[in-house]
$ cat entry-v7.txt   # compact mmCIF, C-alpha atoms
# COMPACT_ATOMS: atom_id res chain seq x y z
CA VAL A 406 -153.16 82.19 128.70
CA THR A 407 -154.53 82.05 125.16
CA PHE A 408 -152.29 81.91 122.13
CA LEU A 409 -153.67 83.11 118.84
CA VAL A 410 -152.23 81.64 115.71
CA PRO A 411 -152.47 83.99 112.75
CA VAL A 412 -154.06 82.61 109.63
CA CYS A 413 -152.05 83.48 106.57
CA SER A 414 -153.74 83.55 103.19
CA GLU A 415 -150.64 84.51 101.25
CA VAL A 416 -149.26 82.06 98.75
CA SER A 417 -145.78 80.85 99.62
CA PRO A 418 -143.03 81.62 97.12
CA ASN A 419 -142.80 77.96 96.15
CA ALA A 420 -146.52 77.65 95.46
CA ARG A 421 -146.03 78.46 91.76
CA ILE A 422 -143.09 77.22 89.74
CA ALA A 423 -142.25 77.65 86.06
CA VAL A 424 -139.97 75.05 84.50
CA ASP A 425 -138.35 75.60 81.09
CA VAL A 426 -138.20 72.22 79.36
CA ASN A 427 -136.24 71.04 76.35
CA GLY A 428 -137.85 68.40 74.14
CA LEU A 429 -141.51 69.43 74.23
CA VAL A 430 -142.47 69.33 70.56
CA CYS A 431 -146.08 68.17 70.36
CA ASP A 432 -149.39 68.12 72.18
CA PHE A 433 -148.94 64.45 73.03
CA CYS A 434 -145.63 65.31 74.77
CA ALA A 435 -147.32 68.08 76.75
CA ARG A 436 -150.26 65.90 77.88
CA SER A 437 -147.93 63.04 78.80
CA LEU A 438 -145.78 65.33 80.94
CA GLU A 439 -148.86 66.88 82.59
CA LYS A 440 -150.20 63.43 83.53
CA PHE A 441 -146.83 62.38 84.93
CA LEU A 442 -146.27 65.53 87.02
CA VAL A 443 -149.79 65.82 88.46
CA LYS A 444 -149.27 62.37 90.04
CA GLN A 445 -146.56 63.83 92.31
CA PRO A 446 -148.00 64.31 95.84
CA ALA A 447 -146.85 67.95 96.17
CA VAL A 448 -148.33 69.03 92.81
CA ALA A 449 -151.87 70.45 92.77
CA ASP A 450 -152.05 71.50 89.12
CA VAL A 451 -149.94 71.46 85.96
CA SER A 452 -150.24 73.38 82.72
CA VAL A 453 -147.91 73.20 79.75
CA ASP A 454 -147.20 76.08 77.38
CA LEU A 455 -146.07 74.16 74.32
CA THR A 456 -145.20 77.30 72.33
CA ASN A 457 -142.74 78.55 74.96
CA LYS A 458 -141.82 75.07 76.25
CA VAL A 459 -142.70 75.97 79.84
CA ILE A 460 -144.41 73.88 82.50
CA ASP A 461 -146.31 75.84 85.14
CA LEU A 462 -146.74 73.96 88.40
CA GLU A 463 -149.00 74.90 91.28
CA LEU A 464 -148.13 73.14 94.51
CA VAL A 465 -150.47 71.86 97.17
CA PRO A 466 -150.75 74.54 99.89
CA GLY A 467 -147.96 74.12 102.42
CA GLU A 468 -145.87 71.89 100.14
CA THR A 469 -142.45 72.74 98.78
CA VAL A 470 -140.34 71.08 96.11
CA ASP A 471 -136.63 71.59 95.64
CA ASP A 472 -135.05 72.12 92.23
CA ASP A 473 -133.31 68.74 92.29
CA SER A 474 -136.64 66.95 92.73
CA LEU A 475 -138.26 68.99 89.95
CA THR A 476 -135.35 68.25 87.64
CA GLN A 477 -135.53 64.54 88.43
CA TRP A 478 -139.29 64.42 87.76
CA VAL A 479 -138.85 66.03 84.35
CA MET A 480 -135.91 63.76 83.53
CA ASP A 481 -137.90 60.69 84.63
CA ALA A 482 -140.59 61.77 82.14
CA GLY A 483 -137.94 61.89 79.39
CA TYR A 484 -137.21 65.61 79.09
CA ALA A 485 -134.45 68.03 80.09
CA VAL A 486 -134.80 71.07 82.35
CA GLN A 487 -133.41 74.33 80.96
CA GLY A 488 -134.35 76.52 83.93
CA ILE A 489 -136.58 76.82 87.00
CA ARG A 490 -138.27 79.99 88.25
CA HIS A 491 -140.08 80.12 91.61
CA GLY A 492 -143.01 82.34 92.54
CA GLU A 493 -144.17 83.10 88.98
CA GLU A 494 -147.79 84.07 88.38
$ encode --input "entry-v7.txt" --output "structure tokens"
Amino acid sequence: VTFLVPVCSEVSPNARIAVDVNGLVCDFCARSLEKFLVKQPAVADVSVDLTNKVIDLELVPGETVDDDSLTQWVMDAGYAVQGIRHGEE
């Protein structure tokens, strides 16, 4: 008997996460937060939209991060989370 395992190329809903952050006021803040977050094992890429005060996270394929962990990471970096949206492009 042969079992075939389907290969799925779809991105999981948690693969992209947008985090609204309070306290981002300058480019130095944004770069500092990017450097801190990209060190997290589940995070593949980080970009910060300073104008809208939003962090966009892309997770490592197959990884998930819960909202409590995301909130703690942002708080550990010295900022406050205003909201978290999963699956944003």
$ closest_residue --input "entry-v7.txt" --among "A:Thr476, A:Val486, A:Ile422, A:Val465" --to "A:Ser452" --atoms "all atoms listed in the file"
A:Ile422
$ axis_aligned_box --input "entry-v7.txt" --around "stretch 468-479 of chain A" --padding-each-side "6 Å" --output "AutoDock Vina command-line options"
--center_x -139.6 --center_y 68.6 --center_z 92.2 --size_x 24.6 --size_y 20.3 --size_z 27.8
$ residues_around --input "entry-v7.txt" --residues "A:Asp461" --least-positions-apart "5" --cutoff "12 Å" --atoms "only C-alpha atoms" --output "VMD selection string"
chain A and resid 419 to 426 435 438 to 439 442 to 443 448 to 455 475 489 to 494
$ write_last_selection --input "entry-v7.txt" --atoms "C-alpha atoms" --output "mmCIF file, keeping the file's coordinate frame"
data_model
loop_
_atom_site.group_PDB
_atom_site.id
_atom_site.type_symbol
_atom_site.label_atom_id
_atom_site.label_comp_id
_atom_site.auth_asym_id
_atom_site.auth_seq_id
_atom_site.Cartn_x
_atom_site.Cartn_y
_atom_site.Cartn_z
ATOM 1 C CA ASN A 419 -142.800 77.960 96.150
ATOM 2 C CA ALA A 420 -146.520 77.650 95.460
ATOM 3 C CA ARG A 421 -146.030 78.460 91.760
ATOM 4 C CA ILE A 422 -143.090 77.220 89.740
ATOM 5 C CA ALA A 423 -142.250 77.650 86.060
ATOM 6 C CA VAL A 424 -139.970 75.050 84.500
ATOM 7 C CA ASP A 425 -138.350 75.600 81.090
ATOM 8 C CA VAL A 426 -138.200 72.220 79.360
ATOM 9 C CA ALA A 435 -147.320 68.080 76.750
ATOM 10 C CA LEU A 438 -145.780 65.330 80.940
ATOM 11 C CA GLU A 439 -148.860 66.880 82.590
ATOM 12 C CA LEU A 442 -146.270 65.530 87.020
ATOM 13 C CA VAL A 443 -149.790 65.820 88.460
ATOM 14 C CA VAL A 448 -148.330 69.030 92.810
ATOM 15 C CA ALA A 449 -151.870 70.450 92.770
ATOM 16 C CA ASP A 450 -152.050 71.500 89.120
ATOM 17 C CA VAL A 451 -149.940 71.460 85.960
ATOM 18 C CA SER A 452 -150.240 73.380 82.720
ATOM 19 C CA VAL A 453 -147.910 73.200 79.750
ATOM 20 C CA ASP A 454 -147.200 76.080 77.380
ATOM 21 C CA LEU A 455 -146.070 74.160 74.320
ATOM 22 C CA LEU A 475 -138.260 68.990 89.950
ATOM 23 C CA ILE A 489 -136.580 76.820 87.000
ATOM 24 C CA ARG A 490 -138.270 79.990 88.250
ATOM 25 C CA HIS A 491 -140.080 80.120 91.610
ATOM 26 C CA GLY A 492 -143.010 82.340 92.540
ATOM 27 C CA GLU A 493 -144.170 83.100 88.980
ATOM 28 C CA GLU A 494 -147.790 84.070 88.380
#
$ closest_residue --input "entry-v7.txt" --among "A:Asp472, A:Gly483, A:Lys458, A:Trp478" --to "A:Cys431" --atoms "all atoms listed in the file"
A:Lys458
$ atom_distance --input "entry-v7.txt" --atom1 "atom CA of A:Ser474" --atom2 "atom CA of A:Gln445"
10.4 Å
$ closest_residue --input "entry-v7.txt" --among "A:Ala485, A:Ala447, A:Cys434, A:Leu429" --to "A:Glu468" --atoms "only C-alpha atoms"
A:Ala447
$ closest_residue --input "entry-v7.txt" --among "A:Thr469, A:Asn427, A:Lys440, A:Asp481" --to "A:Thr456" --atoms "all atoms listed in the file"
A:Asn427
$ atom_distance --input "entry-v7.txt" --atom1 "atom CA of A:Tyr484" --atom2 "atom CA of A:Asp471"
17.6 Å
$ atom_distance --input "entry-v7.txt" --atom1 "atom CA of A:Ala482" --atom2 "atom CA of A:Phe441"
6.9 Å
$ closest_residue --input "entry-v7.txt" --among "A:Asp432, A:Gly488, A:Lys444, A:Val459" --to "A:Asp473" --atoms "all atoms listed in the file"
A:Gly488
$ closest_residue --input "entry-v7.txt" --among "A:Met480, A:Gly428, A:Gln487, A:Glu463" --to "A:Pro446" --atoms "all atoms listed in the file"
A:Glu463
